[in-house]
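Enquirer: One file: protein-v3.cif (mmCIF, C-alpha atoms and all ligand atoms).
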```cif
data_my_file
#
loop_
_atom_site.label_atom_id
_atom_site.label_comp_id
_atom_site.auth_asym_id
_atom_site.auth_seq_id
_atom_site.Cartn_x
_atom_site.Cartn_y
_atom_site.Cartn_z
CA MET A 13 2.56 -0.74 -11.56
CA ALA A 14 5.57 1.53 -11.41
CA THR A 15 8.82 -0.20 -12.36
CA SER A 16 12.28 0.01 -10.84
CA ALA A 17 14.78 2.35 -12.49
CA THR A 18 18.46 1.66 -12.94
CA PRO A 19 20.75 4.64 -12.24
CA ASP A 20 20.99 5.12 -16.04
CA ASP A 21 17.19 5.16 -16.34
CA GLN A 22 17.00 7.83 -13.69
CA ARG A 23 18.83 10.19 -16.00
CA LEU A 24 16.11 9.85 -18.65
CA SER A 25 13.25 12.33 -18.62
CA GLY A 26 9.75 11.51 -17.39
CA PRO A 27 7.99 10.76 -14.12
CA LEU A 28 10.08 9.35 -11.28
CA ALA A 29 8.79 8.08 -7.94
CA TRP A 30 11.60 8.65 -5.46
CA ILE A 31 11.37 6.17 -2.60
CA ASP A 32 12.97 6.91 0.74
CA PRO A 33 13.81 3.68 2.60
CA ALA A 34 14.68 5.68 5.72
CA ALA A 35 11.08 6.94 5.77
CA LEU A 36 9.81 3.35 5.49
CA ARG A 37 11.99 2.35 8.43
CA HIS A 38 10.92 5.40 10.45
CA ASN A 39 7.25 4.58 9.84
CA LEU A 40 7.81 0.95 10.88
CA ALA A 41 9.34 2.29 14.10
CA ARG A 42 6.15 4.34 14.57
CA VAL A 43 4.16 1.09 14.40
CA HIS A 44 6.39 -0.38 17.12
CA GLN A 45 5.93 2.75 19.21
CA ALA A 46 2.13 2.71 18.86
CA ALA A 47 1.76 -1.05 19.41
CA PRO A 48 4.85 -2.03 21.42
CA HIS A 49 3.53 -5.45 22.45
CA SER A 50 2.39 -6.52 18.98
CA ARG A 51 4.21 -8.41 16.29
CA ILE A 52 3.97 -6.83 12.84
CA TRP A 53 2.81 -8.14 9.52
CA ALA A 54 4.04 -5.36 7.22
CA VAL A 55 1.43 -5.14 4.47
CA ILE A 56 3.28 -4.85 1.16
CA LYS A 57 0.59 -6.01 -1.27
CA ALA A 58 -0.04 -4.15 -4.54
CA ASN A 59 3.68 -3.64 -5.12
CA ALA A 60 3.99 -2.22 -1.61
CA TYR A 61 1.23 0.31 -2.33
CA GLY A 62 3.18 1.36 -5.42
CA HIS A 63 6.57 1.63 -3.69
CA GLY A 64 8.19 -1.54 -5.11
CA MET A 65 7.53 -4.75 -3.19
CA GLU A 66 11.03 -6.22 -3.18
CA GLN A 67 12.75 -2.99 -2.19
CA ALA A 68 10.11 -2.30 0.46
CA ALA A 69 10.66 -5.80 1.89
CA ASP A 70 14.39 -5.05 2.11
CA ALA A 71 13.79 -1.71 3.81
CA LEU A 72 11.25 -3.23 6.21
CA ASP A 73 13.25 -6.37 7.00
CA ARG A 74 12.78 -5.82 10.74
CA ALA A 75 9.08 -6.61 10.42
CA ASP A 76 8.09 -9.98 11.89
CA GLY A 77 6.40 -10.99 8.64
CA PHE A 78 4.94 -9.64 5.44
CA ALA A 79 1.35 -9.67 4.24
CA VAL A 80 0.24 -9.65 0.61
CA ALA A 81 -3.14 -10.20 -1.02
CA ARG A 82 -2.43 -13.13 -3.34
CA VAL A 83 -0.27 -16.22 -3.67
CA ALA A 84 1.46 -14.82 -6.78
CA GLU A 85 2.66 -11.79 -4.78
CA ALA A 86 3.94 -14.02 -1.97
CA LEU A 87 5.91 -16.16 -4.41
CA ARG A 88 7.49 -13.02 -5.85
CA LEU A 89 8.75 -12.23 -2.35
CA ARG A 90 10.12 -15.74 -1.87
CA ARG A 91 11.91 -15.51 -5.22
CA HIS A 92 13.45 -12.28 -3.95
CA GLY A 93 14.82 -14.23 -0.98
CA VAL A 94 12.43 -13.08 1.76
CA ARG A 95 12.71 -15.58 4.63
CA GLN A 96 10.15 -14.14 7.07
CA PRO A 97 6.64 -15.60 7.26
CA ILE A 98 4.40 -14.34 4.44
CA LEU A 99 0.67 -14.07 5.10
CA VAL A 100 -1.62 -14.30 2.06
CA LEU A 101 -4.61 -12.14 3.01
CA GLU A 102 -7.01 -13.64 0.45
CA GLY A 103 -5.64 -17.15 0.96
CA ILE A 104 -5.73 -19.48 -2.00
CA GLY A 105 -7.76 -18.34 -5.00
CA ASP A 106 -8.25 -21.98 -6.02
CA GLY A 107 -7.05 -25.42 -4.95
CA ALA A 108 -4.33 -25.47 -7.61
CA GLU A 109 -2.40 -22.87 -5.61
CA LEU A 110 -1.84 -25.22 -2.68
CA ASP A 111 1.25 -26.87 -4.21
CA ALA A 112 2.92 -23.48 -4.65
CA ALA A 113 1.76 -22.32 -1.21
CA THR A 114 3.33 -25.40 0.38
CA ALA A 115 6.56 -25.11 -1.58
CA GLY A 116 6.75 -21.40 -0.72
CA ARG A 117 6.04 -22.03 3.00
CA LEU A 118 3.26 -19.45 2.82
CA THR A 119 0.85 -18.67 5.64
CA LEU A 120 -2.68 -18.74 4.27
CA VAL A 121 -5.71 -16.86 5.48
CA LEU A 122 -8.66 -19.22 5.48
CA HIS A 123 -11.79 -17.15 5.05
CA ASP A 124 -14.33 -19.62 3.66
CA SER A 125 -15.14 -23.29 4.02
CA TRP A 126 -14.52 -23.91 0.31
CA GLN A 127 -10.84 -23.27 1.02
CA LEU A 128 -10.91 -25.91 3.75
CA GLU A 129 -12.45 -28.44 1.34
CA GLN A 130 -9.61 -27.72 -1.09
CA ILE A 131 -7.04 -28.25 1.67
CA VAL A 132 -8.64 -31.58 2.64
CA ALA A 133 -8.57 -32.72 -0.99
CA PHE A 134 -4.96 -31.55 -1.40
CA LEU A 135 -3.80 -33.41 1.69
CA GLY A 136 -5.54 -36.53 0.41
CA ARG A 137 -3.30 -36.36 -2.69
CA GLN A 138 -0.03 -35.98 -0.73
CA PRO A 139 2.33 -38.84 0.13
CA ALA A 140 3.04 -39.05 3.86
CA PRO A 141 5.13 -35.92 4.46
CA LEU A 142 8.57 -36.13 6.01
CA ALA A 143 8.52 -34.89 9.62
CA GLU A 144 10.86 -32.01 8.79
CA ARG A 145 8.41 -30.72 6.16
CA LEU A 146 5.59 -30.39 8.70
CA PRO A 147 3.41 -28.47 8.90
CA LEU A 148 2.70 -28.49 5.18
CA LEU A 149 0.33 -25.55 5.58
CA ARG A 150 0.07 -22.72 8.07
CA VAL A 151 -3.33 -21.10 8.41
CA TRP A 152 -4.93 -18.01 10.00
CA LEU A 153 -8.70 -18.30 10.31
CA LYS A 154 -10.44 -15.07 9.31
CA VAL A 155 -13.69 -14.12 11.00
CA ASP A 156 -16.17 -11.57 9.67
CA THR A 157 -17.05 -9.38 12.64
CA GLY A 158 -18.77 -6.66 10.59
CA MET A 159 -16.63 -5.88 7.56
CA GLY A 160 -18.97 -7.92 5.37
CA ARG A 161 -16.23 -8.85 2.93
CA LEU A 162 -14.10 -11.93 3.67
CA GLY A 163 -14.38 -14.15 6.74
CA VAL A 164 -16.38 -16.92 8.29
CA ALA A 165 -19.25 -16.23 10.67
CA ALA A 166 -18.34 -16.21 14.36
CA SER A 167 -20.78 -19.09 14.83
CA ALA A 168 -18.76 -21.25 12.41
CA VAL A 169 -15.41 -20.76 14.14
CA ALA A 170 -15.62 -23.65 16.64
CA GLY A 171 -16.62 -26.18 14.00
CA LEU A 172 -13.95 -25.06 11.55
CA LEU A 173 -11.23 -25.11 14.20
CA GLU A 174 -12.26 -28.65 15.11
CA ARG A 175 -11.99 -29.75 11.49
CA LEU A 176 -8.63 -28.01 11.14
CA ALA A 177 -7.35 -29.63 14.35
CA ALA A 178 -8.11 -33.01 12.81
CA LEU A 179 -5.68 -32.14 9.99
CA ALA A 180 -2.72 -31.65 12.37
CA PRO A 181 0.20 -31.96 12.05
CA ALA A 182 -0.09 -31.39 8.29
CA VAL A 183 -1.97 -28.15 8.98
CA ALA A 184 -1.08 -25.71 11.77
CA VAL A 185 -3.62 -23.11 12.79
CA GLU A 186 -1.51 -20.14 13.82
CA GLY A 187 -4.07 -17.45 14.55
CA LEU A 188 -7.45 -15.79 14.35
CA MET A 189 -7.90 -12.52 12.50
CA THR A 190 -10.54 -10.00 11.59
CA HIS A 191 -10.59 -6.74 9.63
CA LEU A 192 -12.10 -3.45 10.78
CA ALA A 193 -14.57 -1.65 8.53
CA ASN A 194 -14.45 1.88 10.01
CA ALA A 195 -11.22 2.20 11.94
CA ASP A 196 -10.37 5.38 10.01
CA ASP A 197 -13.20 7.12 11.88
CA PRO A 198 -12.08 6.96 15.53
CA GLY A 199 -15.57 7.58 16.92
CA HIS A 200 -17.35 4.88 14.92
CA ALA A 201 -19.40 2.53 17.09
CA LEU A 202 -18.78 -0.58 15.00
CA THR A 203 -15.05 -0.71 15.81
CA PRO A 204 -15.31 -1.52 19.54
CA ALA A 205 -18.03 -4.05 18.73
CA GLN A 206 -15.80 -5.75 16.15
CA CYS A 207 -12.84 -5.75 18.55
CA GLU A 208 -14.86 -7.23 21.42
CA GLN A 209 -16.30 -9.97 19.23
CA ALA A 210 -12.80 -10.94 18.07
CA HIS A 211 -11.39 -10.87 21.62
CA ALA A 212 -14.25 -13.06 22.84
CA LEU A 213 -13.48 -15.63 20.15
CA ALA A 214 -9.78 -15.60 21.01
CA ALA A 215 -10.64 -16.10 24.69
CA ARG A 216 -12.73 -19.16 23.78
CA HIS A 217 -10.16 -20.52 21.33
CA PRO A 218 -6.73 -19.49 22.64
CA LEU A 219 -4.85 -18.53 19.51
CA PRO A 220 -2.83 -15.43 18.56
CA LEU A 221 -5.19 -12.66 17.46
CA SER A 222 -4.73 -10.05 14.73
CA ILE A 223 -7.08 -7.07 14.41
CA GLY A 224 -5.44 -3.71 13.76
CA ASN A 225 -4.61 -2.27 10.39
CA SER A 226 -2.90 1.16 10.47
CA ALA A 227 -5.98 3.06 11.63
CA GLY A 228 -6.90 0.33 14.09
CA LEU A 229 -3.54 0.18 15.80
CA LEU A 230 -3.20 3.96 16.00
CA ALA A 231 -6.68 4.85 17.21
CA HIS A 232 -8.08 1.77 18.95
CA PRO A 233 -6.15 0.18 21.86
CA ARG A 234 -8.21 -3.05 21.62
CA ALA A 235 -7.00 -3.48 18.04
CA ARG A 236 -3.36 -3.64 19.24
CA THR A 237 -3.42 -7.40 19.40
CA ASP A 238 -0.75 -10.13 19.26
CA TRP A 239 -0.19 -9.22 15.61
CA VAL A 240 -1.07 -5.99 13.79
CA ARG A 241 -1.24 -5.49 10.01
CA PRO A 242 -0.19 -1.95 9.07
CA GLY A 243 -0.12 -0.89 5.44
CA ILE A 244 -0.69 2.77 4.58
CA MET A 245 1.15 4.17 7.61
CA LEU A 246 4.34 2.37 6.55
CA TYR A 247 4.31 4.51 3.42
CA GLY A 248 3.73 7.70 5.38
CA GLY A 249 0.03 8.06 4.53
CA THR A 250 -2.43 8.96 7.23
CA PRO A 251 -4.99 6.21 7.84
CA LEU A 252 -7.24 8.46 9.93
CA LEU A 253 -9.88 10.93 8.78
CA THR A 254 -9.06 13.05 11.82
CA ALA A 255 -5.25 13.38 11.62
CA THR A 256 -2.61 14.41 9.14
CA ALA A 257 0.40 12.23 8.40
CA ALA A 258 2.71 14.87 9.86
CA GLY A 259 0.54 15.07 12.98
CA LEU A 260 1.05 11.32 13.41
CA ASP A 261 4.81 11.70 12.84
CA LEU A 262 4.66 9.67 9.61
CA ARG A 263 7.08 10.51 6.81
CA PRO A 264 6.14 10.25 3.13
CA ALA A 265 8.08 7.40 1.57
CA MET A 266 7.29 8.42 -2.03
CA THR A 267 7.89 11.73 -3.78
CA LEU A 268 6.52 11.76 -7.32
CA THR A 269 8.25 14.18 -9.69
CA SER A 270 8.42 14.92 -13.38
CA PRO A 271 10.19 17.73 -15.23
CA LEU A 272 8.86 20.81 -16.95
CA ILE A 273 9.30 20.13 -20.66
CA ALA A 274 8.03 23.50 -21.90
CA VAL A 275 7.59 26.99 -20.46
CA ARG A 276 5.50 29.30 -22.61
CA THR A 277 4.06 32.76 -22.34
CA LEU A 278 0.41 32.65 -23.38
CA ARG A 279 -1.53 35.78 -24.18
CA ARG A 280 -4.70 36.89 -22.42
CA ASP A 281 -7.72 34.75 -23.50
CA ALA A 282 -5.53 31.95 -24.90
CA THR A 283 -6.91 28.56 -23.89
CA VAL A 284 -4.98 25.57 -22.55
CA GLY A 285 -5.33 21.89 -23.50
CA TYR A 286 -8.14 19.62 -24.67
CA GLY A 287 -11.59 21.12 -24.48
CA SER A 288 -10.02 24.58 -24.05
CA SER A 289 -11.33 24.46 -20.50
CA TYR A 290 -8.83 26.99 -19.10
CA ARG A 291 -8.70 30.54 -20.45
CA CYS A 292 -5.74 32.74 -19.45
CA PRO A 293 -7.03 35.78 -17.52
CA GLU A 294 -3.94 37.74 -18.54
CA GLU A 295 -0.70 37.21 -20.37
CA MET A 296 1.00 34.57 -18.23
CA PRO A 297 3.70 31.90 -18.05
CA VAL A 298 2.40 28.35 -18.48
CA GLY A 299 4.46 25.21 -17.88
CA ILE A 300 3.94 21.76 -19.35
CA VAL A 301 4.86 18.83 -17.08
CA ALA A 302 5.61 15.35 -18.44
CA ILE A 303 3.01 13.39 -16.53
CA GLY A 304 -0.54 12.39 -17.43
CA TYR A 305 -3.25 9.89 -16.83
CA ALA A 306 -1.25 7.12 -18.55
CA ASP A 307 1.22 7.48 -15.68
CA GLY A 308 -1.49 7.28 -13.03
CA TYR A 309 -2.09 11.01 -12.44
CA PRO A 310 -5.89 10.96 -12.46
CA ARG A 311 -7.60 12.47 -15.51
CA HIS A 312 -10.32 14.11 -13.45
CA THR A 313 -7.85 16.01 -11.21
CA PRO A 314 -9.44 19.47 -11.04
CA GLY A 315 -7.85 22.77 -11.98
CA GLY A 316 -6.27 24.44 -8.96
CA THR A 317 -4.71 21.21 -7.64
CA PRO A 318 -1.27 22.20 -6.37
CA MET A 319 2.17 21.05 -7.42
CA LEU A 320 5.57 22.22 -6.17
CA ILE A 321 8.17 23.92 -8.34
CA ARG A 322 11.30 25.46 -6.82
CA GLY A 323 9.62 25.14 -3.44
CA GLN A 324 6.59 27.20 -4.54
CA ARG A 325 3.06 25.97 -5.04
CA ALA A 326 1.62 26.35 -8.52
CA PRO A 327 -1.85 25.21 -9.65
CA LEU A 328 -2.86 22.74 -12.35
CA ILE A 329 -4.72 24.36 -15.25
CA GLY A 330 -6.80 22.73 -17.99
CA ARG A 331 -7.50 19.05 -18.50
CA VAL A 332 -5.07 16.26 -17.68
CA SER A 333 -3.87 14.67 -20.94
CA MET A 334 -2.47 11.18 -21.39
CA ASP A 335 1.16 12.28 -21.06
CA MET A 336 1.08 15.90 -19.91
CA ILE A 337 -0.44 18.46 -17.61
CA ALA A 338 -0.27 22.24 -17.63
CA VAL A 339 0.62 24.48 -14.71
CA ASP A 340 0.09 28.19 -14.07
CA LEU A 341 3.59 29.52 -13.39
CA ARG A 342 2.63 33.00 -12.23
CA THR A 343 3.75 32.10 -8.67
CA VAL A 344 7.10 30.77 -9.97
CA PRO A 345 8.15 33.16 -12.75
CA ALA A 346 11.74 31.86 -12.67
CA ALA A 347 10.64 28.28 -13.49
CA ALA A 348 12.57 26.82 -16.40
CA VAL A 349 12.53 23.78 -18.66
CA GLY A 350 14.07 20.84 -16.79
CA ASP A 351 12.89 21.93 -13.34
CA PRO A 352 11.55 18.96 -11.39
CA VAL A 353 7.90 19.35 -10.44
CA THR A 354 6.65 17.54 -7.33
CA LEU A 355 3.17 16.09 -7.79
CA TRP A 356 3.03 14.73 -4.24
CA GLY A 357 5.34 13.61 -1.45
CA ALA A 358 7.88 15.63 0.52
CA GLY A 359 6.41 19.12 0.98
CA LEU A 360 3.08 18.25 -0.64
CA PRO A 361 1.06 15.59 1.20
CA VAL A 362 -0.53 13.00 -1.04
CA GLU A 363 -3.69 13.39 1.06
CA GLU A 364 -4.07 16.95 -0.23
CA ILE A 365 -4.04 15.76 -3.83
CA ALA A 366 -6.36 12.85 -3.00
CA ALA A 367 -8.89 15.26 -1.47
CA GLN A 368 -8.84 17.37 -4.65
CA VAL A 369 -9.32 14.31 -6.83
CA GLY A 370 -12.04 12.83 -4.63
CA THR A 371 -10.11 9.69 -3.77
CA ILE A 372 -7.83 8.42 -1.00
CA ASN A 373 -4.06 8.39 -0.52
CA TYR A 374 -4.06 4.58 -1.01
CA GLU A 375 -5.40 4.81 -4.55
CA LEU A 376 -3.04 7.53 -5.76
CA LEU A 377 -0.01 5.65 -4.46
CA CYS A 378 -0.85 2.23 -5.83
CA ARG A 379 -2.24 3.24 -9.24
CA LEU A 380 1.01 4.59 -10.72
CA SER A 381 1.57 2.89 -14.05
CA ALA A 382 4.55 0.95 -15.40
CA ARG A 383 5.80 4.08 -17.15
CA VAL A 384 6.68 5.67 -13.80
CA ARG A 385 10.18 4.66 -12.74
CA LEU A 386 10.79 3.87 -9.09
CA CYS A 387 14.03 5.29 -7.76
CA TYR A 388 15.56 3.86 -4.63
CA PRO A 389 18.79 5.48 -3.50
CA THR A 390 21.86 3.77 -4.91
CA PRO A 391 25.48 4.55 -4.16
CA THR A 392 25.28 7.12 -7.01
CA THR A 393 22.06 8.80 -5.80
CA ALA A 394 22.61 10.00 -2.28
CA PRO A 395 19.42 9.92 -0.14
CA GLY A 396 19.45 13.71 0.07
CA GLN A 397 19.17 13.86 -3.71
CA THR A 398 15.44 13.23 -3.75
CA PRO A 399 13.81 16.54 -4.64
C1 LIG B 401 -6.96 -7.63 5.62
C2 LIG B 401 -6.13 -6.40 5.62
N1 LIG B 401 -5.33 -6.14 6.65
C3 LIG B 401 -4.55 -5.04 6.69
C4 LIG B 401 -4.57 -4.12 5.67
C5 LIG B 401 -3.73 -2.88 5.78
O1 LIG B 401 -4.57 -1.76 5.91
P1 LIG B 401 -4.01 -0.27 6.04
O2 LIG B 401 -3.29 0.00 4.77
O3 LIG B 401 -5.23 0.56 6.16
O4 LIG B 401 -3.12 -0.25 7.21
C6 LIG B 401 -5.40 -4.35 4.58
C7 LIG B 401 -5.44 -3.35 3.50
O5 LIG B 401 -6.32 -3.18 2.74
C8 LIG B 401 -6.20 -5.51 4.54
O6 LIG B 401 -7.02 -5.76 3.51
#
```
Mind converting the file's structure to structure tokens?

Expert:
Amino acid sequence: MATSATPDDQRLSGPLAWIDPAALRHNLARVHQAAPHSRIWAVIKANAYGHGMEQAADALDRADGFAVARVAEALRLRRHGVRQPILVLEGIGDGAELDAATAGRLTLVLHDSWQLEQIVAFLGRQPAPLAERLPLLRVWLKVDTGMGRLGVAASAVAGLLERLAALAPAVAVEGLMTHLANADDPGHALTPAQCEQAHALAARHPLPLSIGNSAGLLAHPRARTDWVRPGIMLYGGTPLLTATAAGLDLRPAMTLTSPLIAVRTLRRDATVGYGSSYRCPEEMPVGIVAIGYADGYPRHTPGGTPMLIRGQRAPLIGRVSMDMIAVDLRTVPAAAVGDPVTLWGAGLPVEEIAAQVGTINYELLCRLSARVRLCYPTPTTAPGQTP
């Protein structure tokens, strides 16, 4: 997980992930625009997809609530002072988390009957709660409508809601939710089927409904429910196979840079890096950039993958090392030691790099390691200073 940089840190060399809070806010406004009647759980799990959870929560403070995967992440947000509702998408991982969930006023997804048994046992251990502490637990019941991951069967919903109703007022059931398996593919037949199943359940059991993730809320009107749960689009990544981020008017919130630490002229037939996999076709300038797989730049990134130097594209050459990569500087002959190199972000969509690597924008963003320093603008780094 990338770590936050102090202004002093930012002056030290190495990879920096520049985060643009204005882009986060713009992308949240795009959610509002696409789903104007929905309330928004801003999904900031996994350190806000690599962008820094606390800072992202500050930038996105106009969201109606935040969603994270685990109780530990939710408690981190409470410690930071977040007052909005926090939805824990996996719910409790074991019964021992219920004390912390109650103290943290967390909203728990309930996706399996074992979690209900733990809640019943927990309530049995509590002294009669003071009225002002009620409800002790807030719950969203998750239904599996085709994702085949978490969620109870539709046929179990009525029985579970009855059991939960018997736990009132200690437990408040605040909604029904489901997760779409193929929303990124707007023509996929499963999505309308999942939406209709969820709407039918909400009609039978009148409760707020949450369906849409980013792709769902953008591409599927029936997924724009009482609450939506956008993640990737908040960070400026496209959630759709059929649209670019720019085409959806999303702005990249992260620009990953690292400086050139060497510029060499290698002779024709010289080889570059481990395995000598790249051979120079002519005498040429080669740059070495201080970023490698230990920072989260994938080791199997193929030669030819672009980076940006002085506004020009230049291709990766040779194998990615732990701390360094090499770049063919023939398109940027003026490049010099100290020049910042953009690996992705403003001017170079992360989706383009993900396609080269054979992964998705989500993974590149959230896999940055602790050695990458996250830079949010401070009074000494004007927003325009991001490369
Ligand atoms: C249950 C759930 N809802 C919402 C999201 C947000 O999805 P996206 O980032 O595609 O918008 C996720 C992300 O994985 C999720 O697991």

Enquirer: Env of Trp126 of chain A: 12 Å cut, atoms = all atoms listed in the file, seq-sep filter 4 positions within chain, self excluded. Answer as a PDB file with C-alpha atoms, keeping the file's coordinate frame.

Expert:
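Result file is selection_11.pdb:
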```
ATOM      1  CA  GLY A 103      -5.640 -17.150   0.960  1.00  0.00           C
ATOM      2  CA  ILE A 104      -5.730 -19.480  -2.000  1.00  0.00           C
ATOM      3  CA  GLY A 105      -7.760 -18.340  -5.000  1.00  0.00           C
ATOM      4  CA  ASP A 106      -8.250 -21.980  -6.020  1.00  0.00           C
ATOM      5  CA  GLY A 107      -7.050 -25.420  -4.950  1.00  0.00           C
ATOM      6  CA  LEU A 122      -8.660 -19.220   5.480  1.00  0.00           C
ATOM      7  CA  GLN A 130      -9.610 -27.720  -1.090  1.00  0.00           C
ATOM      8  CA  ILE A 131      -7.040 -28.250   1.670  1.00  0.00           C
ATOM      9  CA  VAL A 132      -8.640 -31.580   2.640  1.00  0.00           C
ATOM     10  CA  ALA A 133      -8.570 -32.720  -0.990  1.00  0.00           C
ATOM     11  CA  GLY A 163     -14.380 -14.150   6.740  1.00  0.00           C
ATOM     12  CA  VAL A 164     -16.380 -16.920   8.290  1.00  0.00           C
ATOM     13  CA  LEU A 172     -13.950 -25.060  11.550  1.00  0.00           C
TER      14      LEU A 172
END
```

Enquirer: Determine, using all atoms listed in the file, which residues of chain A have any atom at most 6 Å from an atom of ligand LIG 401 (chain B), and tabulate each with its shortest atom pair and distance in Å to one decimal place, rows ordered by chain and then rising number, as JSON lines.

Expert:
```
{"residue": "A:Val55", "atom": "CA", "partner": "B:LIG401", "partner_atom": "C5", "distance": 5.8}
{"residue": "A:Leu101", "atom": "CA", "partner": "B:LIG401", "partner_atom": "C1", "distance": 5.7}
{"residue": "A:His191", "atom": "CA", "partner": "B:LIG401", "partner_atom": "C1", "distance": 5.5}
{"residue": "A:Asn225", "atom": "CA", "partner": "B:LIG401", "partner_atom": "O4", "distance": 4.1}
{"residue": "A:Ser226", "atom": "CA", "partner": "B:LIG401", "partner_atom": "O4", "distance": 3.6}
{"residue": "A:Arg241", "atom": "CA", "partner": "B:LIG401", "partner_atom": "C3", "distance": 4.7}
{"residue": "A:Pro242", "atom": "CA", "partner": "B:LIG401", "partner_atom": "O4", "distance": 3.9}
{"residue": "A:Gly243", "atom": "CA", "partner": "B:LIG401", "partner_atom": "O2", "distance": 3.4}
{"residue": "A:Ile244", "atom": "CA", "partner": "B:LIG401", "partner_atom": "O2", "distance": 3.8}
{"residue": "A:Pro251", "atom": "CA", "partner": "B:LIG401", "partner_atom": "O3", "distance": 5.9}
```

Enquirer: Which residues of segment 288-334 of chain A come within 8 Å of segment 24-32 of chain A, and what is each one's closest atom pair and distance in Å (one decimal), counting all atoms listed in the file, sorted by chain and residue number, as CSV?

Expert:
```
residue,atom,partner,partner_atom,distance
A:Ala302,CA,A:Gly26,CA,5.7
A:Ile303,CA,A:Pro27,CA,6.1
A:Asp307,CA,A:Pro27,CA,7.7
```

Enquirer: For each of A:Val43, A:Ala17, A:Val362, A:Ala348, take the minimum atom-to-atom distance to Thr390 of chain A, counting all atoms listed in the file, then give the residue where this is smallest.

Expert: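 Residue with the minimum atom-to-atom distance to Thr390 of chain A: A:Ala17.
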
Enquirer: Name the closest residue to Tyr247 of chain A among the candidates A:Pro264, A:Pro389, A:Gly259, A:Pro318; distances are taken between atoms, counting all atoms listed in the file.

Expert: A:Pro264

Enquirer: For the point (7.7, 26.8, -21.6) in the file's frame, write as a PDB file with C-alpha atoms, in the coordinates of the input all residues with an atom no more than 9 Å away, counting all atoms listed in the file.

Expert:
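Below you can see point_30.pdb, which holds the result:
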```
ATOM      1  CA  LEU A 272       8.860  20.810 -16.950  1.00  0.00           C
ATOM      2  CA  ILE A 273       9.300  20.130 -20.660  1.00  0.00           C
ATOM      3  CA  ALA A 274       8.030  23.500 -21.900  1.00  0.00           C
ATOM      4  CA  VAL A 275       7.590  26.990 -20.460  1.00  0.00           C
ATOM      5  CA  ARG A 276       5.500  29.300 -22.610  1.00  0.00           C
ATOM      6  CA  THR A 277       4.060  32.760 -22.340  1.00  0.00           C
ATOM      7  CA  PRO A 297       3.700  31.900 -18.050  1.00  0.00           C
ATOM      8  CA  VAL A 298       2.400  28.350 -18.480  1.00  0.00           C
ATOM      9  CA  GLY A 299       4.460  25.210 -17.880  1.00  0.00           C
ATOM     10  CA  ILE A 300       3.940  21.760 -19.350  1.00  0.00           C
ATOM     11  CA  ALA A 347      10.640  28.280 -13.490  1.00  0.00           C
ATOM     12  CA  ALA A 348      12.570  26.820 -16.400  1.00  0.00           C
ATOM     13  CA  VAL A 349      12.530  23.780 -18.660  1.00  0.00           C
TER      14      VAL A 349
END
```

Enquirer: Interatomic distance between atom CA of Ala79 of chain A and atom CA of Thr237 of chain A?

Expert: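 That distance, rounded to one decimal, is 16.1 Å.
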
Enquirer: Using all atoms listed in the file, which of the listed residues (A:Leu278, A:Met336, A:Leu386, A:Ala346) sits closest to Gly62 of chain A?

Expert: A:Leu386

Enquirer: Using only C-alpha atoms, which of A:Leu99, A:Leu377, A:Ala178, A:Ile365 sits nearest Lys154 of chain A?

Expert: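 Nearest to Lys154 of chain A: A:Leu99.
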
Enquirer: Could you tell me which of A:Glu186, A:Glu375, A:Glu66, A:Glu363 comes closest to Ala258 of chain A if we count only C-alpha atoms?

Expert: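 Looking at the shortest contact to Ala258 of chain A, the residue is A:Glu363.
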
Enquirer: Tell me which protein, DNA and RNA residues are within 10 Å of segment 215-222 of chain A, counting only C-alpha atoms, leaving out same-chain ones fewer than 5 positions away, and put them as a list in words.

Expert: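 Answer for this query is Ser50, Arg51, Ile52, Trp53, Trp152, Leu153, Lys154, Val169, Ala170, Leu173, Val185, Glu186, Gly187, Leu188, Met189, Thr190, His191, Cys207, Gln209, Ala210, Ala235, Arg236, Thr237, Asp238, Trp239, Val240 and Arg241 of chain A.
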
Enquirer: Mind writing the picked residues with C-alpha atoms as a compact mmCIF listing (two decimals), keeping the file's coordinate frame?

Expert:
```txt
# COMPACT_ATOMS: atom_id res chain seq x y z
CA SER A 50 2.39 -6.52 18.98
CA ARG A 51 4.21 -8.41 16.29
CA ILE A 52 3.97 -6.83 12.84
CA TRP A 53 2.81 -8.14 9.52
CA TRP A 152 -4.93 -18.01 10.00
CA LEU A 153 -8.70 -18.30 10.31
CA LYS A 154 -10.44 -15.07 9.31
CA VAL A 169 -15.41 -20.76 14.14
CA ALA A 170 -15.62 -23.65 16.64
CA LEU A 173 -11.23 -25.11 14.20
CA VAL A 185 -3.62 -23.11 12.79
CA GLU A 186 -1.51 -20.14 13.82
CA GLY A 187 -4.07 -17.45 14.55
CA LEU A 188 -7.45 -15.79 14.35
CA MET A 189 -7.90 -12.52 12.50
CA THR A 190 -10.54 -10.00 11.59
CA HIS A 191 -10.59 -6.74 9.63
CA CYS A 207 -12.84 -5.75 18.55
CA GLN A 209 -16.30 -9.97 19.23
CA ALA A 210 -12.80 -10.94 18.07
CA ALA A 235 -7.00 -3.48 18.04
CA ARG A 236 -3.36 -3.64 19.24
CA THR A 237 -3.42 -7.40 19.40
CA ASP A 238 -0.75 -10.13 19.26
CA TRP A 239 -0.19 -9.22 15.61
CA VAL A 240 -1.07 -5.99 13.79
CA ARG A 241 -1.24 -5.49 10.01
```

Enquirer: For the atom pair atom CA of Val353 of chain A and atom CA of Met319 of chain A, what is the interatomic distance in Å to one decimal place?

Expert: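 According to the coordinates, atom CA of Val353 of chain A and atom CA of Met319 of chain A are separated by 6.7 Å.
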
Enquirer: Calculated over all atoms listed in the file, which of the candidates A:Leu89, A:Leu202, A:Asp196, A:Ile223 has the smallest distance to Thr254 of chain A?

Expert: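 The closest residue to Thr254 of chain A is A:Asp196.
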